[in-house]
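Q: Below is the file model-v2.cif, which contains mmCIF, C-alpha atoms.
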data_protein
#
loop_
_atom_site.group_PDB
_atom_site.id
_atom_site.type_symbol
_atom_site.label_atom_id
_atom_site.label_comp_id
_atom_site.auth_asym_id
_atom_site.auth_seq_id
_atom_site.Cartn_x
_atom_site.Cartn_y
_atom_site.Cartn_z
ATOM 1 C CA MET I 1 -36.406 7.071 17.369
ATOM 2 C CA SER I 2 -32.952 6.442 15.829
ATOM 3 C CA PHE I 3 -29.454 6.785 17.259
ATOM 4 C CA LEU I 4 -26.290 7.990 15.519
ATOM 5 C CA ARG I 5 -22.860 6.502 16.171
ATOM 6 C CA THR I 6 -19.427 6.971 14.607
ATOM 7 C CA GLY I 7 -17.335 3.995 13.586
ATOM 8 C CA ARG I 8 -14.672 2.579 11.285
ATOM 9 C CA VAL I 9 -15.394 0.128 8.464
ATOM 10 C CA VAL I 10 -13.165 -2.881 9.192
ATOM 11 C CA SER I 11 -14.327 -5.477 6.644
ATOM 12 C CA SER I 12 -16.820 -6.063 3.859
ATOM 13 C CA GLU I 13 -18.436 -9.075 2.260
ATOM 14 C CA GLY I 14 -21.433 -9.472 -0.012
ATOM 15 C CA GLY I 15 -22.633 -5.874 0.321
ATOM 16 C CA LEU I 16 -22.510 -5.973 4.122
ATOM 17 C CA TYR I 17 -19.950 -4.060 6.171
ATOM 18 C CA ALA I 18 -18.548 -4.681 9.633
ATOM 19 C CA VAL I 19 -18.135 -1.395 11.497
ATOM 20 C CA ASP I 20 -16.115 -0.949 14.689
ATOM 21 C CA VAL I 21 -18.344 1.320 16.773
ATOM 22 C CA GLY I 22 -16.005 1.457 19.777
ATOM 23 C CA ASN I 23 -15.076 -0.588 22.835
ATOM 24 C CA GLY I 24 -14.261 -3.551 20.620
ATOM 25 C CA GLU I 25 -17.856 -3.819 19.371
ATOM 26 C CA ARG I 26 -18.267 -4.661 15.691
ATOM 27 C CA ARG I 27 -21.688 -4.316 14.107
ATOM 28 C CA THR I 28 -22.945 -5.345 10.685
ATOM 29 C CA CYS I 29 -24.246 -2.446 8.585
ATOM 30 C CA LYS I 30 -25.714 -1.800 5.167
ATOM 31 C CA PRO I 31 -24.967 1.403 3.234
ATOM 32 C CA ARG I 32 -27.865 3.714 2.526
ATOM 33 C CA GLY I 33 -29.376 3.405 -0.948
ATOM 34 C CA LYS I 34 -28.217 6.946 -1.746
ATOM 35 C CA PHE I 35 -24.627 5.704 -1.942
ATOM 36 C CA ARG I 36 -25.516 3.346 -4.796
ATOM 37 C CA TYR I 37 -27.556 6.106 -6.463
ATOM 38 C CA ASP I 38 -24.653 8.555 -6.207
ATOM 39 C CA LYS I 39 -22.173 5.812 -7.215
ATOM 40 C CA ILE I 40 -20.238 6.210 -3.964
ATOM 41 C CA ARG I 41 -18.372 3.090 -2.923
ATOM 42 C CA LEU I 42 -17.926 2.382 0.761
ATOM 43 C CA LEU I 43 -14.356 1.256 1.509
ATOM 44 C CA VAL I 44 -12.697 -0.619 4.332
ATOM 45 C CA GLY I 45 -10.961 2.063 6.399
ATOM 46 C CA ASP I 46 -13.728 4.627 5.948
ATOM 47 C CA LEU I 47 -14.763 6.597 9.017
ATOM 48 C CA VAL I 48 -18.559 6.602 8.955
ATOM 49 C CA LYS I 49 -21.629 7.735 10.805
ATOM 50 C CA VAL I 50 -24.106 4.916 11.336
ATOM 51 C CA GLU I 51 -27.758 5.099 12.305
ATOM 52 C CA GLU I 52 -29.413 2.538 14.544
ATOM 53 C CA ASP I 53 -33.178 2.117 14.410
ATOM 54 C CA GLU I 54 -35.544 0.975 17.162
ATOM 55 C CA LYS I 55 -34.991 -2.672 16.214
ATOM 56 C CA GLY I 56 -31.222 -2.382 16.533
ATOM 57 C CA ASN I 57 -30.511 -2.471 12.791
ATOM 58 C CA LEU I 58 -27.610 -0.286 11.649
ATOM 59 C CA SER I 59 -27.145 1.512 8.353
ATOM 60 C CA VAL I 60 -24.335 3.757 7.141
ATOM 61 C CA LYS I 61 -25.696 7.290 6.987
ATOM 62 C CA GLU I 62 -22.564 9.313 6.156
ATOM 63 C CA ILE I 63 -18.962 8.790 5.019
ATOM 64 C CA PHE I 64 -16.482 11.283 6.435
ATOM 65 C CA GLU I 65 -13.968 12.856 4.061
ATOM 66 C CA ARG I 66 -11.086 10.531 3.172
ATOM 67 C CA LYS I 67 -7.495 11.706 3.442
ATOM 68 C CA ASN I 68 -6.473 9.134 0.831
ATOM 69 C CA PHE I 69 -7.457 5.820 -0.662
ATOM 70 C CA LEU I 70 -5.932 2.909 -2.540
ATOM 71 C CA ILE I 71 -7.637 1.327 -5.538
ATOM 72 C CA ARG I 72 -5.983 -2.070 -5.369
ATOM 73 C CA PRO I 73 -6.357 -3.078 -2.596
ATOM 74 C CA ALA I 74 -9.473 -0.970 -1.946
ATOM 75 C CA LEU I 75 -8.674 0.808 1.319
ATOM 76 C CA ALA I 76 -9.198 4.314 2.720
ATOM 77 C CA ASN I 77 -7.332 6.536 5.179
ATOM 78 C CA VAL I 78 -4.046 4.614 5.150
ATOM 79 C CA ASP I 79 -1.052 5.926 7.133
ATOM 80 C CA PHE I 80 1.659 3.281 6.579
ATOM 81 C CA LEU I 81 2.260 0.896 3.675
ATOM 82 C CA PHE I 82 4.521 -2.028 4.612
ATOM 83 C CA ILE I 83 5.784 -3.401 1.296
ATOM 84 C CA ALA I 84 6.925 -6.994 1.664
ATOM 85 C CA ALA I 85 9.393 -8.387 -0.866
ATOM 86 C CA SER I 86 11.185 -11.710 -0.603
ATOM 87 C CA ALA I 87 14.926 -12.047 -1.039
ATOM 88 C CA ALA I 88 14.223 -15.237 -3.030
ATOM 89 C CA SER I 89 11.413 -17.638 -3.987
ATOM 90 C CA PRO I 90 9.926 -15.622 -5.622
ATOM 91 C CA GLU I 91 12.632 -13.287 -6.857
ATOM 92 C CA PRO I 92 11.916 -9.627 -6.041
ATOM 93 C CA VAL I 93 10.439 -7.537 -8.866
ATOM 94 C CA LEU I 94 11.853 -4.069 -8.230
ATOM 95 C CA GLU I 95 9.563 -2.353 -10.741
ATOM 96 C CA ASN I 96 6.485 -3.505 -8.812
ATOM 97 C CA MET I 97 8.046 -2.453 -5.506
ATOM 98 C CA ASP I 98 8.769 0.971 -6.977
ATOM 99 C CA LYS I 99 5.215 1.280 -8.301
ATOM 100 C CA LEU I 100 3.977 0.680 -4.771
ATOM 101 C CA THR I 101 6.328 3.258 -3.253
ATOM 102 C CA ALA I 102 5.250 5.796 -5.901
ATOM 103 C CA ILE I 103 1.574 5.122 -5.180
ATOM 104 C CA ALA I 104 2.189 5.564 -1.454
ATOM 105 C CA GLU I 105 4.192 8.789 -1.917
ATOM 106 C CA HIS I 106 1.450 10.299 -4.069
ATOM 107 C CA ALA I 107 -1.228 9.446 -1.496
ATOM 108 C CA GLY I 108 0.732 10.796 1.463
ATOM 109 C CA ILE I 109 1.300 7.294 2.861
ATOM 110 C CA LEU I 110 4.644 6.420 4.453
ATOM 111 C CA PRO I 111 6.235 3.385 2.708
ATOM 112 C CA VAL I 112 8.229 0.915 4.789
ATOM 113 C CA ILE I 113 10.165 -1.903 3.096
ATOM 114 C CA VAL I 114 10.170 -5.389 4.643
ATOM 115 C CA VAL I 115 12.564 -7.877 3.040
ATOM 116 C CA THR I 116 11.376 -11.401 3.866
ATOM 117 C CA LYS I 117 13.044 -14.824 3.536
ATOM 118 C CA SER I 118 16.488 -13.370 4.220
ATOM 119 C CA ASP I 119 17.670 -16.867 5.165
ATOM 120 C CA LEU I 120 17.210 -18.037 1.539
ATOM 121 C CA SER I 121 19.507 -15.382 0.031
ATOM 122 C CA PRO I 122 21.379 -13.142 2.477
ATOM 123 C CA GLN I 123 23.155 -11.340 -0.396
ATOM 124 C CA SER I 124 19.908 -10.493 -2.197
ATOM 125 C CA ALA I 125 18.420 -9.296 1.099
ATOM 126 C CA HIS I 126 21.452 -7.069 1.661
ATOM 127 C CA ASP I 127 21.247 -5.647 -1.878
ATOM 128 C CA LEU I 128 17.573 -4.732 -1.419
ATOM 129 C CA GLN I 129 18.334 -3.112 1.913
ATOM 130 C CA MET I 130 21.072 -0.968 0.361
ATOM 131 C CA ILE I 131 18.839 0.229 -2.499
ATOM 132 C CA TYR I 132 15.927 1.377 -0.358
ATOM 133 C CA GLU I 133 17.935 2.748 2.538
ATOM 134 C CA LYS I 134 19.846 4.912 0.032
ATOM 135 C CA VAL I 135 16.482 6.286 -1.136
ATOM 136 C CA GLY I 136 15.604 7.112 2.472
ATOM 137 C CA TYR I 137 13.094 4.413 3.337
ATOM 138 C CA LYS I 138 13.018 2.447 6.566
ATOM 139 C CA VAL I 139 13.989 -1.152 5.750
ATOM 140 C CA PHE I 140 13.579 -4.289 7.845
ATOM 141 C CA VAL I 141 15.368 -7.495 6.793
ATOM 142 C CA ILE I 142 13.747 -10.490 8.433
ATOM 143 C CA SER I 143 13.286 -14.233 8.408
ATOM 144 C CA SER I 144 9.893 -15.265 9.723
ATOM 145 C CA VAL I 145 10.953 -18.928 9.736
ATOM 146 C CA LEU I 146 14.046 -18.259 11.858
ATOM 147 C CA GLY I 147 12.422 -15.444 13.807
ATOM 148 C CA GLU I 148 15.211 -13.008 12.935
ATOM 149 C CA ASN I 149 14.692 -9.250 13.401
ATOM 150 C CA LEU I 150 10.963 -9.553 14.051
ATOM 151 C CA GLU I 151 11.231 -7.658 17.339
ATOM 152 C CA GLY I 152 12.687 -4.614 15.597
ATOM 153 C CA LEU I 153 9.710 -4.439 13.232
ATOM 154 C CA ARG I 154 7.228 -4.998 16.051
ATOM 155 C CA ASP I 155 8.861 -2.270 18.165
ATOM 156 C CA TYR I 156 8.756 0.148 15.217
ATOM 157 C CA MET I 157 5.047 -0.485 14.809
ATOM 158 C CA LYS I 158 4.394 0.041 18.525
ATOM 159 C CA GLU I 159 6.221 3.349 18.395
ATOM 160 C CA ARG I 160 4.939 4.703 15.073
ATOM 161 C CA CYS I 161 1.803 2.861 13.977
ATOM 162 C CA ALA I 162 -0.353 2.227 17.030
ATOM 163 C CA ASP I 163 -2.899 4.932 16.226
ATOM 164 C CA GLY I 164 -3.056 4.860 12.413
ATOM 165 C CA ILE I 165 -4.008 2.381 9.694
ATOM 166 C CA SER I 166 -1.122 0.182 8.558
ATOM 167 C CA VAL I 167 -1.301 -1.993 5.463
ATOM 168 C CA PHE I 168 0.852 -5.004 4.634
ATOM 169 C CA THR I 169 1.053 -5.727 0.944
ATOM 170 C CA GLY I 170 3.307 -7.271 -1.675
ATOM 171 C CA ALA I 171 3.456 -9.905 -4.385
ATOM 172 C CA SER I 172 1.895 -13.302 -3.802
ATOM 173 C CA GLY I 173 4.257 -15.798 -2.267
ATOM 174 C CA VAL I 174 6.583 -13.363 -0.496
ATOM 175 C CA GLY I 175 5.512 -14.685 2.890
ATOM 176 C CA LYS I 176 3.314 -11.785 3.921
ATOM 177 C CA SER I 177 0.773 -13.881 5.807
ATOM 178 C CA THR I 178 3.594 -15.896 7.399
ATOM 179 C CA LEU I 179 5.153 -12.607 8.485
ATOM 180 C CA LEU I 180 1.898 -11.398 10.013
ATOM 181 C CA ASN I 181 1.439 -14.708 11.831
ATOM 182 C CA ALA I 182 4.964 -14.413 13.246
ATOM 183 C CA LEU I 183 4.433 -10.799 14.312
ATOM 184 C CA PHE I 184 0.883 -11.254 15.580
ATOM 185 C CA PRO I 185 0.031 -14.907 16.403
ATOM 186 C CA LYS I 186 -3.570 -13.938 17.194
ATOM 187 C CA LEU I 187 -4.201 -13.304 13.494
ATOM 188 C CA SER I 188 -3.732 -16.948 12.398
ATOM 189 C CA ARG I 189 -3.726 -15.950 8.727
ATOM 190 C CA LYS I 190 -3.926 -18.752 6.166
ATOM 191 C CA THR I 191 -0.677 -19.316 4.246
ATOM 192 C CA GLY I 192 0.103 -21.032 0.957
ATOM 193 C CA ALA I 193 3.123 -22.567 -0.740
ATOM 194 C CA VAL I 194 4.877 -20.973 -3.693
ATOM 195 C CA SER I 195 4.302 -22.622 -7.054
ATOM 196 C CA GLU I 196 7.654 -23.973 -8.274
ATOM 197 C CA ARG I 197 6.485 -23.908 -11.911
ATOM 198 C CA LEU I 198 5.240 -20.320 -11.887
ATOM 199 C CA GLY I 199 7.521 -18.965 -9.172
ATOM 200 C CA ARG I 200 4.643 -17.246 -7.399
ATOM 201 C CA GLY I 201 2.252 -18.058 -4.616
ATOM 202 C CA LYS I 202 -1.433 -18.761 -4.670
ATOM 203 C CA HIS I 203 -3.631 -15.997 -3.331
ATOM 204 C CA THR I 204 -4.282 -17.075 0.240
ATOM 205 C CA THR I 205 -5.861 -13.813 1.459
ATOM 206 C CA ARG I 206 -9.172 -13.134 -0.280
ATOM 207 C CA THR I 207 -10.562 -10.172 1.627
ATOM 208 C CA VAL I 208 -9.250 -6.986 3.219
ATOM 209 C CA ASP I 209 -9.704 -6.968 6.988
ATOM 210 C CA LEU I 210 -8.646 -4.460 9.640
ATOM 211 C CA PHE I 211 -7.508 -5.755 13.023
ATOM 212 C CA GLY I 212 -7.275 -3.558 16.118
ATOM 213 C CA CYS I 213 -3.792 -2.479 17.209
ATOM 214 C CA GLY I 214 -4.844 -2.669 20.855
ATOM 215 C CA ALA I 215 -5.133 -6.448 20.651
ATOM 216 C CA LEU I 216 -2.153 -6.961 18.332
ATOM 217 C CA LEU I 217 0.384 -4.418 19.580
ATOM 218 C CA GLY I 218 -0.869 -4.038 23.127
ATOM 219 C CA LYS I 219 -1.436 -0.303 22.647
ATOM 220 C CA GLY I 220 -3.225 2.194 20.459
ATOM 221 C CA THR I 221 -6.577 2.609 18.726
ATOM 222 C CA GLY I 222 -5.360 2.068 15.165
ATOM 223 C CA TYR I 223 -5.636 -0.899 12.805
ATOM 224 C CA ILE I 224 -3.456 -3.318 10.885
ATOM 225 C CA ALA I 225 -4.619 -4.663 7.523
ATOM 226 C CA ASP I 226 -3.780 -7.821 5.667
ATOM 227 C CA THR I 227 -4.488 -7.550 1.942
ATOM 228 C CA PRO I 228 -4.654 -9.883 -1.049
ATOM 229 C CA GLY I 229 -1.274 -10.347 -2.697
ATOM 230 C CA PHE I 230 -0.484 -9.098 -6.167
ATOM 231 C CA SER I 231 0.548 -11.429 -8.987
ATOM 232 C CA LEU I 232 0.665 -8.386 -11.245
ATOM 233 C CA LEU I 233 0.288 -4.673 -10.635
ATOM 234 C CA ASP I 234 0.177 -2.850 -13.964
ATOM 235 C CA PHE I 235 -0.750 0.557 -15.317
ATOM 236 C CA GLU I 236 -3.258 -0.550 -17.952
ATOM 237 C CA ASN I 237 -6.086 0.463 -15.607
ATOM 238 C CA PHE I 238 -3.971 2.773 -13.471
ATOM 239 C CA ASP I 239 -5.733 5.823 -12.037
ATOM 240 C CA PHE I 240 -3.485 6.801 -9.132
ATOM 241 C CA PHE I 241 -1.696 9.765 -10.733
ATOM 242 C CA ASP I 242 -0.718 11.363 -14.055
ATOM 243 C CA LEU I 243 2.574 11.464 -15.943
ATOM 244 C CA GLU I 244 3.523 14.925 -14.664
ATOM 245 C CA ASP I 245 3.210 13.667 -11.065
ATOM 246 C CA LEU I 246 5.618 10.766 -11.547
ATOM 247 C CA PRO I 247 8.968 12.524 -10.794
ATOM 248 C CA TYR I 248 7.616 13.893 -7.502
ATOM 249 C CA ASN I 249 6.675 10.372 -6.401
ATOM 250 C CA PHE I 250 10.317 9.244 -6.550
ATOM 251 C CA ARG I 251 11.527 11.035 -3.433
ATOM 252 C CA GLU I 252 15.204 10.899 -4.414
ATOM 253 C CA PHE I 253 14.420 12.900 -7.595
ATOM 254 C CA ARG I 254 12.846 15.877 -5.836
ATOM 255 C CA GLU I 255 15.984 17.890 -5.095
ATOM 256 C CA CYS I 256 16.946 17.582 -8.780
ATOM 257 C CA LEU I 257 13.682 18.898 -10.202
ATOM 258 C CA GLY I 258 14.087 22.305 -11.826
ATOM 259 C CA LYS I 259 17.879 21.903 -12.065
ATOM 260 C CA CYS I 260 18.062 20.168 -15.456
ATOM 261 C CA ARG I 261 19.551 21.969 -18.464
ATOM 262 C CA TYR I 262 16.298 21.936 -20.432
ATOM 263 C CA THR I 263 12.785 22.855 -19.329
ATOM 264 C CA GLY I 264 10.470 19.913 -19.707
ATOM 265 C CA CYS I 265 13.209 17.327 -19.096
ATOM 266 C CA THR I 266 11.679 13.851 -18.857
ATOM 267 C CA HIS I 267 14.545 12.559 -16.650
ATOM 268 C CA CYS I 268 14.725 9.457 -18.834
ATOM 269 C CA ARG I 269 17.714 10.035 -21.132
ATOM 270 C CA ASP I 270 17.855 13.802 -21.717
ATOM 271 C CA GLU I 271 21.205 15.576 -22.013
ATOM 272 C CA GLY I 272 22.023 17.714 -18.987
ATOM 273 C CA CYS I 273 19.508 15.925 -16.747
ATOM 274 C CA ALA I 274 20.241 16.455 -13.035
ATOM 275 C CA VAL I 275 18.581 13.134 -12.151
ATOM 276 C CA ILE I 276 20.744 11.162 -14.578
ATOM 277 C CA GLU I 277 23.856 12.846 -13.207
ATOM 278 C CA LYS I 278 22.954 11.568 -9.727
ATOM 279 C CA VAL I 279 22.393 8.084 -11.155
ATOM 280 C CA ARG I 280 25.862 8.196 -12.724
ATOM 281 C CA SER I 281 27.429 9.370 -9.478
ATOM 282 C CA GLY I 282 25.722 6.572 -7.515
ATOM 283 C CA ASP I 283 23.526 8.883 -5.441
ATOM 284 C CA ILE I 284 20.378 7.446 -7.041
ATOM 285 C CA PRO I 285 20.184 3.626 -7.421
ATOM 286 C CA VAL I 286 20.239 2.452 -11.052
ATOM 287 C CA SER I 287 17.275 0.144 -10.423
ATOM 288 C CA ARG I 288 15.133 3.039 -9.223
ATOM 289 C CA HIS I 289 15.838 5.060 -12.363
ATOM 290 C CA LYS I 290 15.132 2.003 -14.507
ATOM 291 C CA SER I 291 11.740 1.630 -12.796
ATOM 292 C CA TYR I 292 11.064 5.321 -13.335
ATOM 293 C CA VAL I 293 11.758 5.044 -17.075
ATOM 294 C CA LEU I 294 9.469 2.008 -17.386
ATOM 295 C CA LEU I 295 6.664 3.760 -15.510
ATOM 296 C CA HIS I 296 7.186 6.918 -17.568
ATOM 297 C CA GLU I 297 6.722 4.956 -20.794
ATOM 298 C CA GLN I 298 3.595 3.245 -19.503
ATOM 299 C CA LEU I 299 2.008 6.476 -18.282
ATOM 300 C CA LYS I 300 2.998 8.353 -21.445
ATOM 301 C CA ASN I 301 1.044 5.848 -23.517
ATOM 302 C CA LYS I 302 -2.052 6.043 -21.326
ATOM 303 C CA HIS I 303 -4.788 8.330 -22.621
ATOM 304 C CA PRO I 304 -7.419 10.088 -20.492
ATOM 305 C CA TRP I 305 -10.175 8.062 -22.152
ATOM 306 C CA ASP I 306 -8.472 4.847 -21.003
ATOM 307 C CA ARG I 307 -9.239 5.660 -17.384
ATOM 308 C CA THR I 308 -11.682 3.382 -15.604
#
Would you mind writing the file's structure down as C-alpha cells?
A:
Amino acid sequence: MSFLRTGRVVSSEGGLYAVDVGNGERRTCKPRGKFRYDKIRLLVGDLVKVEEDEKGNLSVKEIFERKNFLIRPALANVDFLFIAASAASPEPVLENMDKLTAIAEHAGILPVIVVTKSDLSPQSAHDLQMIYEKVGYKVFVISSVLGENLEGLRDYMKERCADGISVFTGASGVGKSTLLNALFPKLSRKTGAVSERLGRGKHTTRTVDLFGCGALLGKGTGYIADTPGFSLLDFENFDFFDLEDLPYNFREFRECLGKCRYTGCTHCRDEGCAVIEKVRSGDIPVSRHKSYVLLHEQLKNKHPWDRT
C-alpha cells in the first residue's frame, strides 16, 4: 500500500529533493524516472504530489502546474522578487537591475528594490531610490551594518509576503546574505568580502533554499529564498521573453504604447516616439530608457536557433 501527500520542494542537491510535507516536516524525495524520460526538471518552489511506500520511502509522483518560473536562479511559483543593489562597493549596474525587473514583470512577479550599504554612499542610495520610485516600484534604502530601515522592510514582508514565495537576489557582493542575516538571524547565511581588485564579491551562496515564513516572520505559510548572486546576467542564453515583449516589461512604457507617430516604433530613437517624449520631459528616467535600448539591441540580435 502507498500513501499520497502534497508538499513543496524547498531544496535540491545531487538529484535528491527536500519536500515540505506540512507541519514543519521535511522529507527527502527522488523524482520518478518518467520526469527524466520526459525531460521535465523538478524545481525548488514546485508544488508536488509525493508517494510514500510501505518502507517510508518518498518519491515525487506529480508536479502541479507552475504559475511562473525563473531560469537563473532555477525557481518556480515566485510571488515577490527582492532585487538587492548596493549604493557602493560594488557600484550598482542599472542595466542588470533593469533586466531583473523586466524578467519579473514578464513572469507576473512583483519586483521590490532594496538599496543596501546606504552608509557608504548616501547620495548614490538616494539617486537609486528616486529612479525606481519614479517607475512605481517599492524601494527600501537600508544599511545592514548600522541597522537602518530594516524594520520597514521586515514589516512590509509580514504584511505582503507571509503566504507567498519571496526571492532575494542581486549581484555578488551587494550584501544580500548580510541583509538576510540582519532581517532573519535564524538563517545564519555565510557571507563573503568584496574583492577590491575585481570590485565584486565571491559567490557565498551555492544552492537555492526555501525557508518557512512562519519561523522567520512569525506568521504565514509562505517561504523566503536566498539565491546565488550574479556576477553577470546576460542575454546570450536568454529565454525569458522575445523582443516584442520587451516594451511591456518596462511598466513606465505601457501607457505610451500605441501612441507613437509610426506603427512598429522601436522606442529606441524613432521620430515621434511617445516613450522618448516622456524621457525628454523627465517622466521616464534616462537610465531606464538606456537599459531598454541595450536590451533591445541584445534581443534583436538573438535568433530562435540560439535558444537553449
Q: Suppose a student applies the PyMOL selection byres ((chain I and resi 41) around 12) to this structure; what residues should they get, written as a ChimeraX atom specification?
A: /I:12,15,17,30-40,42-46,60,62-63,69,71,74-76
Q: Looking at I:Lys117, I:Lys67, I:Lys259, I:Arg5, which one is nearest to Lys49 in chain I, with distances taken over all atoms listed in the file?
A: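 Of the candidates, the smallest distance to Lys49 in chain I is held by I:Arg5.
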Q: I'd like to know which of I:Ser144, I:Asn68, I:Thr221, I:Gln129 is closest to Asp163 in chain I, using all atoms listed in the file.
A: I:Thr221
Q: Which residues are close to range 103-114 of chain I, i.e. within 8 Å by all atoms listed in the file, leaving aside same-chain residues fewer than 5 positions away? Reply as number ranges by chain.
A: I: 68-69, 78-85, 132, 137-142, 240-241, 245, 248-251
Q: Could you check how far CA of Val279 in chain I sits from CA of His267 in chain I, in Å to one decimal?
A: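 Atom-to-atom, CA of Val279 in chain I to CA of His267 in chain I, that is 10.6 Å.
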Q: Between I:Gly212, I:Gly164, I:Gly173, I:Gly7, which has the minimum distance to Lys61 in chain I (counting all atoms listed in the file)?
A: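 For Lys61 in chain I, the nearest of the candidates is I:Gly7.
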Q: Please write the residues picked by the PyMOL selection byres ((chain I and resi 20) around 8) on this file as a list in words.
A: Gly7, Arg8, Val9, Val10, Ala18, Val19, Val21, Gly22, Gly24, Glu25, Arg26 and Arg27 of chain I
Q: Restrict the selected residues to C-alpha atoms and save them as a short mmCIF file (atom, residue, chain, number, x, y, z; two decimals), keeping the file's coordinate frame.
A:
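After the write, result15.cif holds the following:
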data_model
loop_
_atom_site.label_atom_id
_atom_site.label_comp_id
_atom_site.auth_asym_id
_atom_site.auth_seq_id
_atom_site.Cartn_x
_atom_site.Cartn_y
_atom_site.Cartn_z
CA GLY I 7 -17.34 4.00 13.59
CA ARG I 8 -14.67 2.58 11.28
CA VAL I 9 -15.39 0.13 8.46
CA VAL I 10 -13.16 -2.88 9.19
CA ALA I 18 -18.55 -4.68 9.63
CA VAL I 19 -18.14 -1.40 11.50
CA VAL I 21 -18.34 1.32 16.77
CA GLY I 22 -16.00 1.46 19.78
CA GLY I 24 -14.26 -3.55 20.62
CA GLU I 25 -17.86 -3.82 19.37
CA ARG I 26 -18.27 -4.66 15.69
CA ARG I 27 -21.69 -4.32 14.11
#
Q: What's the separation between CA of Val50 in chain I and CA of Gly218 in chain I, in Å to one decimal place?
A: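 Between CA of Val50 in chain I and CA of Gly218 in chain I the gap works out to 27.6 Å.
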Q: Give the answer as one residue: which of I:Gly147, I:Gly222, I:Gly258, I:Pro285 has the shortest atom-to-atom distance to Cys273 in chain I, using only C-alpha atoms?
A: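 That would be I:Gly258, the residue with the smallest distance to Cys273 in chain I.
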Q: Taking into account all atoms listed in the file, which residue in the set I:Ser287, I:Tyr292, I:Glu91, I:Asn77 is nearest to Ala225 in chain I?
A: I:Asn77
Q: Quick check, in Å to one decimal: how far apart do CA of Pro185 in chain I and CA of Leu153 in chain I lie?
A: 14.6 Å
Q: Could you please fill out range 7-20 of chain I with N, CA and C atoms and send it back as a PDB file, in the frame of the given file?
A:
ATOM      1  N   GLY I   7     -18.122   5.219  13.570  1.00  0.00           N
ATOM      2  CA  GLY I   7     -17.335   3.995  13.586  1.00  0.00           C
ATOM      3  C   GLY I   7     -16.417   3.891  12.387  1.00  0.00           C
ATOM      4  N   ARG I   8     -15.628   2.825  12.354  1.00  0.00           N
ATOM      5  CA  ARG I   8     -14.672   2.579  11.285  1.00  0.00           C
ATOM      6  C   ARG I   8     -15.051   1.287  10.561  1.00  0.00           C
ATOM      7  N   VAL I   9     -15.127   1.336   9.240  1.00  0.00           N
ATOM      8  CA  VAL I   9     -15.394   0.128   8.464  1.00  0.00           C
ATOM      9  C   VAL I   9     -14.155  -0.760   8.520  1.00  0.00           C
ATOM     10  N   VAL I  10     -14.324  -2.002   9.001  1.00  0.00           N
ATOM     11  CA  VAL I  10     -13.165  -2.881   9.192  1.00  0.00           C
ATOM     12  C   VAL I  10     -13.176  -4.099   8.274  1.00  0.00           C
ATOM     13  N   SER I  11     -14.296  -4.391   7.622  1.00  0.00           N
ATOM     14  CA  SER I  11     -14.327  -5.477   6.644  1.00  0.00           C
ATOM     15  C   SER I  11     -15.612  -5.366   5.835  1.00  0.00           C
ATOM     16  N   SER I  12     -15.620  -6.054   4.706  1.00  0.00           N
ATOM     17  CA  SER I  12     -16.820  -6.063   3.859  1.00  0.00           C
ATOM     18  C   SER I  12     -16.950  -7.409   3.181  1.00  0.00           C
ATOM     19  N   GLU I  13     -18.179  -7.822   2.964  1.00  0.00           N
ATOM     20  CA  GLU I  13     -18.436  -9.075   2.260  1.00  0.00           C
ATOM     21  C   GLU I  13     -19.891  -9.098   1.813  1.00  0.00           C
ATOM     22  N   GLY I  14     -20.085  -9.311   0.518  1.00  0.00           N
ATOM     23  CA  GLY I  14     -21.433  -9.472  -0.012  1.00  0.00           C
ATOM     24  C   GLY I  14     -22.343  -8.279   0.195  1.00  0.00           C
ATOM     25  N   GLY I  15     -21.803  -7.063   0.156  1.00  0.00           N
ATOM     26  CA  GLY I  15     -22.633  -5.874   0.321  1.00  0.00           C
ATOM     27  C   GLY I  15     -22.906  -5.498   1.758  1.00  0.00           C
ATOM     28  N   LEU I  16     -22.381  -6.290   2.701  1.00  0.00           N
ATOM     29  CA  LEU I  16     -22.510  -5.973   4.122  1.00  0.00           C
ATOM     30  C   LEU I  16     -21.153  -5.532   4.656  1.00  0.00           C
ATOM     31  N   TYR I  17     -21.178  -4.637   5.643  1.00  0.00           N
ATOM     32  CA  TYR I  17     -19.950  -4.060   6.171  1.00  0.00           C
ATOM     33  C   TYR I  17     -19.912  -4.218   7.678  1.00  0.00           C
ATOM     34  N   ALA I  18     -18.754  -4.639   8.188  1.00  0.00           N
ATOM     35  CA  ALA I  18     -18.548  -4.681   9.633  1.00  0.00           C
ATOM     36  C   ALA I  18     -17.952  -3.347  10.051  1.00  0.00           C
ATOM     37  N   VAL I  19     -18.574  -2.705  11.033  1.00  0.00           N
ATOM     38  CA  VAL I  19     -18.135  -1.395  11.497  1.00  0.00           C
ATOM     39  C   VAL I  19     -17.773  -1.486  12.969  1.00  0.00           C
ATOM     40  N   ASP I  20     -16.554  -1.031  13.295  1.00  0.00           N
ATOM     41  CA  ASP I  20     -16.115  -0.949  14.689  1.00  0.00           C
ATOM     42  C   ASP I  20     -16.709   0.326  15.272  1.00  0.00           C
TER      43      ASP I  20
END
